[in-house]
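Here the structure comes first, spelled out in structure tokens, and everything after it is commentary.
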Amino acid sequence: MAGTFSSINTALTALRYQQVALDIASTNVANVGTDGYVRRRVVGETLGAASGPALWARSNDTASGVQTSRVDRMTDALLDVRVRRERGRQAYLDMRALSMARVETGLAEPGDNGVANALGKFRAALGDAGNAPGSDAARSQVLAAANTLVDAINLQATHVNDEISDQQAHLDAGVTEINTLVKNLAETNRTISAAKAGGSDTTTLMDARDAIALRLATLTGAKATEGADGLMSVTLDGKELVTGFDSATLKATAGPPATTFELDPDATGATVTLTNAGVGGDLGATAELLDNDLPQYLADLAVVAQDLADHVNAQHNAGYDAAGNAGGDLFSYTAGDVLATLKVQITDPNELALSEVPGGGKDGNNAAALSKSVDVDDSYQRLVNGFGSKVNSAKQLADNQQALTKQVDNAREQLAGVSLDEETVNMVSAQRAYEAAARVMSTIDQVLDTLINRMAV
Amino acid sequence: MPTVRMTQTMMSHQAMGGMQIGLNRLAKVQEQLATGRIINRPSDDPTGATSAMRIRTSVAAQEQFTRNGEDAMGWLNQLDASLADATDQVRRARELAGQATSGAVGQPSRDALAAEIDQIRDGLMATANATYLDRPVFGGVTSGKVAYEKDGAGVITYAPTATATQGVLRTVGDGAVVRVDMEGPDAFGPDGDSVFDHLAALATALRSGDAAGVTAAADALDLDGKNIINSQAEIGARTNRVEYSLTAASDAALRLKSSLSEIENTDMVKATVDLQLQTVAYQAALGATAKVMQPSLLDFLR
């Protein structure tokens, strides 16, 4: 049989529980816009009677009250893993598309400042000089156009090289950030473990840990899993980045020609080399850009520049200058480093070999042949076209991935996001329940009043 | 994937995404309208960008052909005019030779005729030294200022020493190379047997009263005149060829420019309609967002 005051106690547990429910609702409302916040839900449980007070004894107690069993974080480990994976892929594709689009803008094609236009101008200047080989102005024009052409090629190479050094800086900054994040994650693991042992609430710490794991996945495509012991471990290319309370140190050497990632698991200096294909995310894209995309463009541009110089020089050597001497080289470069060393060798317009006969003939026929020898348009167009297609496909891939990332993000938001309507409903029902519990208390109070003050008076 | 639970954040993300997409499309059309070009960077349309670059190269080539052709016309017109002059002068000399052989002419008259022949010879030399843009048109590839010069003894010889196997050439079309000069000896005969030598021989014969010499010189002048007229005909043929190439080059440039415009220029009508469509879509997104973001349960609780 229930004691006289047990109902008051039951009402008290209800007041306490609804207080917690209101607390949780207000926390959820407060964090509706917080990044990485996972909505909480309070889970109550009925305070039951003792199921078996003693052998052969029986209890008449009915259930008596409610208590807060736990506060749930509305999250799903599987969904989190998917979000991290897709975000890593998205970061990889975005970085690649963004960087290549920057380089593409630097190509200045199609436009008046591009190499294609400079090639055309050079050819036109040669043609005009061929019509007037005796004119100093026409000859100077050829030299000016040749210099413009070299400048246009150099400018493109400079833009690509700038992007390379930007990416190298990005790699260094990324590695520094990763090493800090990895340390923080191991530290958070330790704090969570301690808090759990002490019985404190760990939901906020877990939010922080998930945010770190997501950032790590975005930067490197690292995989994070929560073990049975509640500790999160992170692996990169199958090698352990964080295990329990321990973290490894990531080291990177920027390319070109080859970017390498190494892990130092125990700060001894002995490192494990990672394969680049195993590193994704932001840094994976940076490595790909540094090793392949950007140097490849420079190498192809160097081939175009060298072909241009070789073909024009060969024809120039076959001609004779204004004084009737055999022509030398018009362009000069150092083999192996064409882009940095390409320049116009001739400074005196009269040294341009525009004639095909020795002895100072003014036929200008070699100028026409020279203008024909500028035949790198096709290979240059192929280069620009190829790069344009690459940028196009990188953008397309990033857009496609965006749809997938959005879908996974949405799925996670469905589960973890705060709905204001829902919280309002929770709040109102907690409020009503609180009021009801208070009414229970005052009713019992009246009952007791009847019992104590009105009976046997 | 069915949505089971919708949150305010999801809605605001969706609204933001929708408006971003709308604004992006609007910006794309706006760029096309503002620059007047569909292809603003290679990745907009890699194939189109390549075609545009190729066509632009071809346009430049055709324009070069046009400039070359105009220069060639300058040379050829000068040659034509000079050869016409030369024909007149040789005919006049031939007439004078005819007068001298008519018998009723005395030595004083023959001397006068000889003086006129000398004049004609000097005039013909000036004609043969005609220039176009400071270049003697009968001088081949010479770097000198004149094609013919007179030495102390009054002998007129062809001056240029530098000779090109092909002469002065102009490329006026794909594979169409036209020679635009004519070396003096081709029109006026080789040194020693040139029209100038024949005129000198005629003057000498007139002065010495050598009737046979006059007749021989007159016959030689006949041949010279024919030779000059033939040369003029050849120049005319070349002029025709250049004129034809000029027309072809400007036609080709026009055709190529219109293809270029088709590939890379914005179709204004289409872009304007697109702009209108995208504006409407964007406004719809804005309106929907404003409507959707407004209400919440809180509005309906007291």
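We name chains A, B, ... following the order of the structure tokens; residues begin at 1 in each chain, and ligands are numbered from 1 as shown.
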Among stretch 24-162 of chain A, which residues does DSSP mark as alpha helix (DSSP H) when it is run on the backbone? Keep the chain and numbering as in the structure and answer as a PyMOL selection string.
chain A and resi 24-30+77-107+115-131+136-162
Could you write out the selected residues, including C-alpha atoms, as a CSV table (one decimal), in the first residue's frame?
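Result went into again.csv, see below:
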```
chain,number,residue,atom,x,y,z
A,24,ILE,CA,16.6,20.5,-23.1
A,25,ALA,CA,14.1,22.3,-25.2
A,26,SER,CA,15.6,25.6,-24.4
A,27,THR,CA,19.1,24.3,-25.2
A,28,ASN,CA,17.9,23.0,-28.5
A,29,VAL,CA,16.2,26.3,-29.4
A,30,ALA,CA,19.3,28.2,-28.3
A,77,ALA,CA,27.1,6.8,-36.6
A,78,LEU,CA,26.5,5.4,-40.1
A,79,LEU,CA,25.1,8.7,-41.3
A,80,ASP,CA,28.0,10.5,-39.8
A,81,VAL,CA,30.4,8.3,-41.7
A,82,ARG,CA,28.6,8.9,-44.9
A,83,VAL,CA,28.6,12.7,-44.3
A,84,ARG,CA,32.3,12.7,-43.7
A,85,ARG,CA,33.0,10.6,-46.8
A,86,GLU,CA,30.9,12.7,-49.1
A,87,ARG,CA,32.3,16.0,-47.6
A,88,GLY,CA,35.8,14.7,-48.2
A,89,ARG,CA,35.0,13.9,-51.9
A,90,GLN,CA,33.3,17.3,-52.2
A,91,ALA,CA,36.3,19.2,-50.8
A,92,TYR,CA,38.6,17.3,-53.3
A,93,LEU,CA,36.5,18.2,-56.3
A,94,ASP,CA,35.8,21.7,-55.2
A,95,MET,CA,39.5,22.5,-54.6
A,96,ARG,CA,40.5,21.1,-58.0
A,97,ALA,CA,37.8,22.9,-59.8
A,98,LEU,CA,38.5,26.2,-58.0
A,99,SER,CA,42.2,26.1,-58.5
A,100,MET,CA,42.0,25.1,-62.2
A,101,ALA,CA,39.3,27.8,-62.8
A,102,ARG,CA,41.8,30.4,-61.4
A,103,VAL,CA,44.5,29.2,-63.7
A,104,GLU,CA,42.1,29.2,-66.6
A,105,THR,CA,41.3,32.9,-65.9
A,106,GLY,CA,45.1,33.5,-66.1
A,107,LEU,CA,45.3,32.0,-69.5
A,115,VAL,CA,49.1,33.8,-76.6
A,116,ALA,CA,46.8,33.0,-79.6
A,117,ASN,CA,46.4,36.7,-80.3
A,118,ALA,CA,50.1,37.4,-79.8
A,119,LEU,CA,50.9,34.6,-82.3
A,120,GLY,CA,48.6,36.2,-84.8
A,121,LYS,CA,50.1,39.7,-84.3
A,122,PHE,CA,53.6,38.2,-84.7
A,123,ARG,CA,52.6,36.6,-88.0
A,124,ALA,CA,51.0,39.8,-89.2
A,125,ALA,CA,54.1,41.9,-88.3
A,126,LEU,CA,56.2,39.4,-90.3
A,127,GLY,CA,53.9,39.6,-93.2
A,128,ASP,CA,53.9,43.4,-93.2
A,129,ALA,CA,57.7,43.5,-92.9
A,130,GLY,CA,57.9,41.2,-95.9
A,131,ASN,CA,56.0,43.8,-97.9
A,136,ASP,CA,62.9,50.2,-90.1
A,137,ALA,CA,59.4,50.8,-88.7
A,138,ALA,CA,58.1,47.5,-90.1
A,139,ARG,CA,61.2,45.6,-88.9
A,140,SER,CA,60.9,47.1,-85.4
A,141,GLN,CA,57.3,46.1,-85.4
A,142,VAL,CA,58.4,42.5,-85.9
A,143,LEU,CA,60.7,42.7,-82.8
A,144,ALA,CA,58.0,44.3,-80.7
A,145,ALA,CA,55.5,41.6,-81.7
A,146,ALA,CA,58.1,38.9,-81.0
A,147,ASN,CA,58.7,40.4,-77.5
A,148,THR,CA,54.9,40.6,-76.9
A,149,LEU,CA,54.6,36.9,-77.8
A,150,VAL,CA,57.4,36.0,-75.4
A,151,ASP,CA,55.7,38.1,-72.7
A,152,ALA,CA,52.4,36.5,-73.2
A,153,ILE,CA,53.9,33.0,-72.9
A,154,ASN,CA,55.9,34.1,-69.8
A,155,LEU,CA,52.7,35.6,-68.3
A,156,GLN,CA,50.9,32.4,-68.6
A,157,ALA,CA,53.8,30.5,-67.1
A,158,THR,CA,53.9,33.0,-64.2
A,159,HIS,CA,50.2,32.6,-63.5
A,160,VAL,CA,50.5,28.8,-63.3
A,161,ASN,CA,53.7,29.1,-61.2
A,162,ASP,CA,51.9,31.4,-58.8
```
Set the distance at 7 Å and use only C-alpha atoms: which residues neighbour B:Asp118 once local chain neighbours fewer than 4 positions away are removed? I'd like the list as a short mmCIF file (atom, residue, chain, number, x, y, z; two decimals) with N, CA and C atoms, in the first residue's frame.
```cif
data_model
loop_
_atom_site.label_atom_id
_atom_site.label_comp_id
_atom_site.auth_asym_id
_atom_site.auth_seq_id
_atom_site.Cartn_x
_atom_site.Cartn_y
_atom_site.Cartn_z
N ALA B 114 68.74 63.23 -133.72
CA ALA B 114 69.61 62.50 -132.78
C ALA B 114 69.49 63.09 -131.39
N ASP B 122 67.08 59.37 -122.29
CA ASP B 122 67.13 59.77 -120.88
C ASP B 122 65.77 59.60 -120.21
N ALA B 203 71.10 57.07 -132.36
CA ALA B 203 71.60 58.45 -132.32
C ALA B 203 72.94 58.55 -133.02
#
```
Hey, which bits of chain B sit within 9 Å of chain A, and for each residue what's the closest pair of atoms and how far apart in Å (one decimal), counting only C-alpha atoms, rows by chain and increasing number, as JSON lines?
```
{"residue": "B:Met1", "atom": "CA", "partner": "A:Gln407", "partner_atom": "CA", "distance": 8.6}
{"residue": "B:Thr3", "atom": "CA", "partner": "A:Gln414", "partner_atom": "CA", "distance": 7.6}
{"residue": "B:Val4", "atom": "CA", "partner": "A:Gln414", "partner_atom": "CA", "distance": 7.4}
{"residue": "B:Arg5", "atom": "CA", "partner": "A:Gln414", "partner_atom": "CA", "distance": 5.4}
{"residue": "B:Met6", "atom": "CA", "partner": "A:Gln414", "partner_atom": "CA", "distance": 6.0}
{"residue": "B:Thr7", "atom": "CA", "partner": "A:Ser419", "partner_atom": "CA", "distance": 4.4}
{"residue": "B:Gln8", "atom": "CA", "partner": "A:Ser419", "partner_atom": "CA", "distance": 5.7}
{"residue": "B:Thr9", "atom": "CA", "partner": "A:Gly417", "partner_atom": "CA", "distance": 6.9}
{"residue": "B:Met10", "atom": "CA", "partner": "A:Glu413", "partner_atom": "CA", "distance": 6.7}
{"residue": "B:Ile39", "atom": "CA", "partner": "A:Pro110", "partner_atom": "CA", "distance": 7.8}
{"residue": "B:Asn40", "atom": "CA", "partner": "A:Pro110", "partner_atom": "CA", "distance": 6.8}
{"residue": "B:Arg41", "atom": "CA", "partner": "A:Glu109", "partner_atom": "CA", "distance": 6.1}
{"residue": "B:Pro42", "atom": "CA", "partner": "A:Gly388", "partner_atom": "CA", "distance": 4.7}
{"residue": "B:Ser43", "atom": "CA", "partner": "A:Gly388", "partner_atom": "CA", "distance": 4.1}
{"residue": "B:Asp44", "atom": "CA", "partner": "A:Asn392", "partner_atom": "CA", "distance": 7.2}
{"residue": "B:Asp45", "atom": "CA", "partner": "A:Gly388", "partner_atom": "CA", "distance": 7.8}
{"residue": "B:Pro46", "atom": "CA", "partner": "A:Asn385", "partner_atom": "CA", "distance": 5.2}
{"residue": "B:Thr47", "atom": "CA", "partner": "A:Asn385", "partner_atom": "CA", "distance": 7.0}
{"residue": "B:Ala49", "atom": "CA", "partner": "A:Pro110", "partner_atom": "CA", "distance": 7.0}
{"residue": "B:Thr50", "atom": "CA", "partner": "A:Gln381", "partner_atom": "CA", "distance": 6.0}
{"residue": "B:Ala52", "atom": "CA", "partner": "A:Pro110", "partner_atom": "CA", "distance": 8.1}
{"residue": "B:Met53", "atom": "CA", "partner": "A:Gln381", "partner_atom": "CA", "distance": 7.1}
{"residue": "B:Arg54", "atom": "CA", "partner": "A:Gln381", "partner_atom": "CA", "distance": 7.8}
{"residue": "B:Arg56", "atom": "CA", "partner": "A:Asn117", "partner_atom": "CA", "distance": 8.5}
{"residue": "B:Thr57", "atom": "CA", "partner": "A:Gly120", "partner_atom": "CA", "distance": 6.4}
{"residue": "B:Ala60", "atom": "CA", "partner": "A:Gly120", "partner_atom": "CA", "distance": 6.6}
{"residue": "B:Ala61", "atom": "CA", "partner": "A:Ala124", "partner_atom": "CA", "distance": 7.9}
{"residue": "B:Glu63", "atom": "CA", "partner": "A:Ala124", "partner_atom": "CA", "distance": 8.7}
{"residue": "B:Gln64", "atom": "CA", "partner": "A:Ala124", "partner_atom": "CA", "distance": 6.3}
{"residue": "B:Phe65", "atom": "CA", "partner": "A:Gly127", "partner_atom": "CA", "distance": 8.8}
{"residue": "B:Arg67", "atom": "CA", "partner": "A:Asp128", "partner_atom": "CA", "distance": 7.8}
{"residue": "B:Asn68", "atom": "CA", "partner": "A:Asn131", "partner_atom": "CA", "distance": 6.7}
{"residue": "B:Asp71", "atom": "CA", "partner": "A:Asn131", "partner_atom": "CA", "distance": 6.9}
{"residue": "B:Ala72", "atom": "CA", "partner": "A:Asn131", "partner_atom": "CA", "distance": 8.5}
{"residue": "B:Leu133", "atom": "CA", "partner": "A:Ala132", "partner_atom": "CA", "distance": 8.4}
{"residue": "B:Asp134", "atom": "CA", "partner": "A:Gly134", "partner_atom": "CA", "distance": 8.9}
{"residue": "B:Arg135", "atom": "CA", "partner": "A:Gly134", "partner_atom": "CA", "distance": 8.6}
{"residue": "B:Gly140", "atom": "CA", "partner": "A:Asp363", "partner_atom": "CA", "distance": 7.7}
{"residue": "B:Val141", "atom": "CA", "partner": "A:Lys362", "partner_atom": "CA", "distance": 4.7}
{"residue": "B:Thr142", "atom": "CA", "partner": "A:Gly361", "partner_atom": "CA", "distance": 5.3}
{"residue": "B:Ser143", "atom": "CA", "partner": "A:Gly361", "partner_atom": "CA", "distance": 5.6}
{"residue": "B:Thr161", "atom": "CA", "partner": "A:Gly359", "partner_atom": "CA", "distance": 8.4}
{"residue": "B:Ala162", "atom": "CA", "partner": "A:Gly361", "partner_atom": "CA", "distance": 5.6}
{"residue": "B:Thr163", "atom": "CA", "partner": "A:Gly361", "partner_atom": "CA", "distance": 7.1}
{"residue": "B:Ala164", "atom": "CA", "partner": "A:Val357", "partner_atom": "CA", "distance": 6.0}
{"residue": "B:Thr165", "atom": "CA", "partner": "A:Val357", "partner_atom": "CA", "distance": 8.3}
{"residue": "B:Gln166", "atom": "CA", "partner": "A:Asn365", "partner_atom": "CA", "distance": 8.8}
{"residue": "B:Gly167", "atom": "CA", "partner": "A:Asp363", "partner_atom": "CA", "distance": 6.6}
{"residue": "B:Val168", "atom": "CA", "partner": "A:Asp363", "partner_atom": "CA", "distance": 4.9}
{"residue": "B:Leu169", "atom": "CA", "partner": "A:Asn365", "partner_atom": "CA", "distance": 6.3}
{"residue": "B:Arg170", "atom": "CA", "partner": "A:Asn131", "partner_atom": "CA", "distance": 7.4}
{"residue": "B:Thr171", "atom": "CA", "partner": "A:Ala368", "partner_atom": "CA", "distance": 7.5}
{"residue": "B:Ser296", "atom": "CA", "partner": "A:Asp421", "partner_atom": "CA", "distance": 6.5}
{"residue": "B:Leu297", "atom": "CA", "partner": "A:Asp421", "partner_atom": "CA", "distance": 5.5}
{"residue": "B:Leu298", "atom": "CA", "partner": "A:Thr424", "partner_atom": "CA", "distance": 7.2}
```
From the list A:Ile212, A:Val175, A:Ala57, A:Val338, which residue is nearest A:Glu262 when using only C-alpha atoms?
A:Val175
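Taking only stretch 49-138 of chain A, the residues that DSSP calls strand (DSSP E or B) from the backbone come to Val66, Gln67, Thr68, Ser69, Arg70, Val71, Asp72 and Arg73 of chain A.
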Smallest atom-to-atom distance to A:Glu351: which of A:Asn325, A:Ser233, A:Ser332, A:Asn313, using only C-alpha atoms?
A:Asn325
Quick one: everything within 10 Å of stretch 73-76 of chain B, counting only C-alpha atoms, minus sequence neighbours fewer than 5 positions away in the same chain. Send it as number ranges by chain.
B: 67-68, 81-82, 131-133, 135-138, 168, 179-182, 232, 235-236, 238-240, 242-243, 246
Any chance you could export the current selection's C-alpha atoms as a tab-separated table (two decimals), in the first residue's frame?
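Okay, selection.tsv is ready:
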```tsv
chain	number	residue	atom	x	y	z
B	67	ARG	CA	47.25	43.69	-97.18
B	68	ASN	CA	49.74	41.74	-99.31
B	81	ALA	CA	52.08	52.68	-116.01
B	82	SER	CA	55.85	52.66	-116.55
B	131	THR	CA	59.81	53.50	-107.86
B	132	TYR	CA	57.07	52.25	-105.62
B	133	LEU	CA	57.55	53.13	-101.94
B	135	ARG	CA	61.85	50.63	-104.33
B	136	PRO	CA	62.75	50.63	-108.08
B	137	VAL	CA	60.09	48.39	-109.60
B	138	PHE	CA	62.43	47.22	-112.37
B	168	VAL	CA	59.87	40.09	-105.21
B	179	ARG	CA	55.73	37.97	-108.46
B	180	VAL	CA	55.22	41.74	-108.32
B	181	ASP	CA	58.44	43.08	-109.83
B	182	MET	CA	59.93	42.80	-113.30
B	232	GLN	CA	52.89	44.84	-120.11
B	235	ILE	CA	51.87	42.44	-115.84
B	236	GLY	CA	48.18	42.73	-116.77
B	238	ARG	CA	49.38	39.16	-112.89
B	239	THR	CA	47.17	42.15	-111.94
B	240	ASN	CA	44.10	40.11	-112.81
B	242	VAL	CA	45.93	39.65	-107.67
B	243	GLU	CA	42.54	41.33	-108.13
B	246	LEU	CA	41.87	40.21	-103.24
```
I need the residue nearest B:Thr127 from this list: B:Leu83, B:Asp219, B:Gln276, B:Met19. Use only C-alpha atoms for the distance.
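Ranked by minimum distance to B:Thr127, first place goes to B:Leu83.
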Selection: 10 Å around B:Leu221, only C-alpha atoms, excl. self and same-chain fewer than 2 positions, as a VMD selection string
chain B and resid 90 to 91 93 to 94 97 194 to 199 202 215 to 219 223 to 227
Skipping near chain neighbours, those fewer than 4 positions away, what residues fall within 8 Å of A:Pro257 using only C-alpha atoms, listed as a list in words?
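Contacts, with the query itself left out: Leu290, Asp291 and Pro295 of chain A.
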Can you write out the residues you just picked, keeping N, CA and C atoms, as an mmCIF file, in the first residue's frame?
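Output file result_28.cif is given in full below:
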```cif
data_model
loop_
_atom_site.group_PDB
_atom_site.id
_atom_site.type_symbol
_atom_site.label_atom_id
_atom_site.label_comp_id
_atom_site.auth_asym_id
_atom_site.auth_seq_id
_atom_site.Cartn_x
_atom_site.Cartn_y
_atom_site.Cartn_z
ATOM 1 N N LEU A 290 49.446 19.751 -57.686
ATOM 2 C CA LEU A 290 50.888 20.015 -57.663
ATOM 3 C C LEU A 290 51.661 18.992 -58.486
ATOM 4 N N ASP A 291 51.181 17.722 -58.476
ATOM 5 C CA ASP A 291 51.942 16.664 -59.145
ATOM 6 C C ASP A 291 51.577 16.533 -60.616
ATOM 7 N N PRO A 295 51.834 21.105 -63.331
ATOM 8 C CA PRO A 295 53.092 20.890 -64.058
ATOM 9 C C PRO A 295 52.864 20.401 -65.488
#
```
Can you pull out every residue within 10 Å of A:Ala254, counting only C-alpha atoms, but drop anything in the same chain fewer than 6 positions away, and send it as a VMD selection string?
chain A and resid 164 to 165 167 to 172 260 to 261 286 to 287 290 to 291
The selected residues should be written to file as a PDB file, in the first residue's frame (atoms: N, CA and C atoms).
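Result saved to again-v5.pdb:
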```
ATOM      1  N   ILE A 164      50.964  27.307 -58.364  1.00  0.00           N
ATOM      2  CA  ILE A 164      51.732  26.213 -57.748  1.00  0.00           C
ATOM      3  C   ILE A 164      52.234  26.638 -56.376  1.00  0.00           C
ATOM      4  N   SER A 165      52.776  27.859 -56.270  1.00  0.00           N
ATOM      5  CA  SER A 165      53.304  28.250 -54.953  1.00  0.00           C
ATOM      6  C   SER A 165      52.170  28.485 -53.961  1.00  0.00           C
ATOM      7  N   GLN A 167      49.424  26.742 -53.896  1.00  0.00           N
ATOM      8  CA  GLN A 167      49.025  25.405 -53.472  1.00  0.00           C
ATOM      9  C   GLN A 167      50.040  24.820 -52.497  1.00  0.00           C
ATOM     10  N   GLN A 168      51.331  25.140 -52.708  1.00  0.00           N
ATOM     11  CA  GLN A 168      52.353  24.649 -51.780  1.00  0.00           C
ATOM     12  C   GLN A 168      52.128  25.236 -50.390  1.00  0.00           C
ATOM     13  N   ALA A 169      51.814  26.550 -50.360  1.00  0.00           N
ATOM     14  CA  ALA A 169      51.533  27.197 -49.078  1.00  0.00           C
ATOM     15  C   ALA A 169      50.291  26.580 -48.442  1.00  0.00           C
ATOM     16  N   HIS A 170      49.296  26.301 -49.299  1.00  0.00           N
ATOM     17  CA  HIS A 170      48.054  25.699 -48.816  1.00  0.00           C
ATOM     18  C   HIS A 170      48.324  24.334 -48.185  1.00  0.00           C
ATOM     19  N   LEU A 171      49.228  23.576 -48.813  1.00  0.00           N
ATOM     20  CA  LEU A 171      49.572  22.251 -48.296  1.00  0.00           C
ATOM     21  C   LEU A 171      50.189  22.378 -46.907  1.00  0.00           C
ATOM     22  N   ASP A 172      51.140  23.316 -46.763  1.00  0.00           N
ATOM     23  CA  ASP A 172      51.797  23.508 -45.463  1.00  0.00           C
ATOM     24  C   ASP A 172      50.789  23.895 -44.400  1.00  0.00           C
ATOM     25  N   THR A 260      54.698  14.139 -51.241  1.00  0.00           N
ATOM     26  CA  THR A 260      54.669  12.915 -50.432  1.00  0.00           C
ATOM     27  C   THR A 260      54.075  13.225 -49.071  1.00  0.00           C
ATOM     28  N   PHE A 261      53.276  12.277 -48.568  1.00  0.00           N
ATOM     29  CA  PHE A 261      52.704  12.382 -47.225  1.00  0.00           C
ATOM     30  C   PHE A 261      53.312  11.288 -46.370  1.00  0.00           C
ATOM     31  N   THR A 286      45.140  19.176 -53.607  1.00  0.00           N
ATOM     32  CA  THR A 286      46.359  19.977 -53.717  1.00  0.00           C
ATOM     33  C   THR A 286      47.506  19.136 -54.270  1.00  0.00           C
ATOM     34  N   ALA A 287      47.631  17.901 -53.745  1.00  0.00           N
ATOM     35  CA  ALA A 287      48.699  17.014 -54.215  1.00  0.00           C
ATOM     36  C   ALA A 287      48.525  16.707 -55.697  1.00  0.00           C
ATOM     37  N   LEU A 290      49.446  19.751 -57.686  1.00  0.00           N
ATOM     38  CA  LEU A 290      50.888  20.015 -57.663  1.00  0.00           C
ATOM     39  C   LEU A 290      51.661  18.992 -58.486  1.00  0.00           C
ATOM     40  N   ASP A 291      51.181  17.722 -58.476  1.00  0.00           N
ATOM     41  CA  ASP A 291      51.942  16.664 -59.145  1.00  0.00           C
ATOM     42  C   ASP A 291      51.577  16.533 -60.616  1.00  0.00           C
TER      43      ASP A 291
END
```
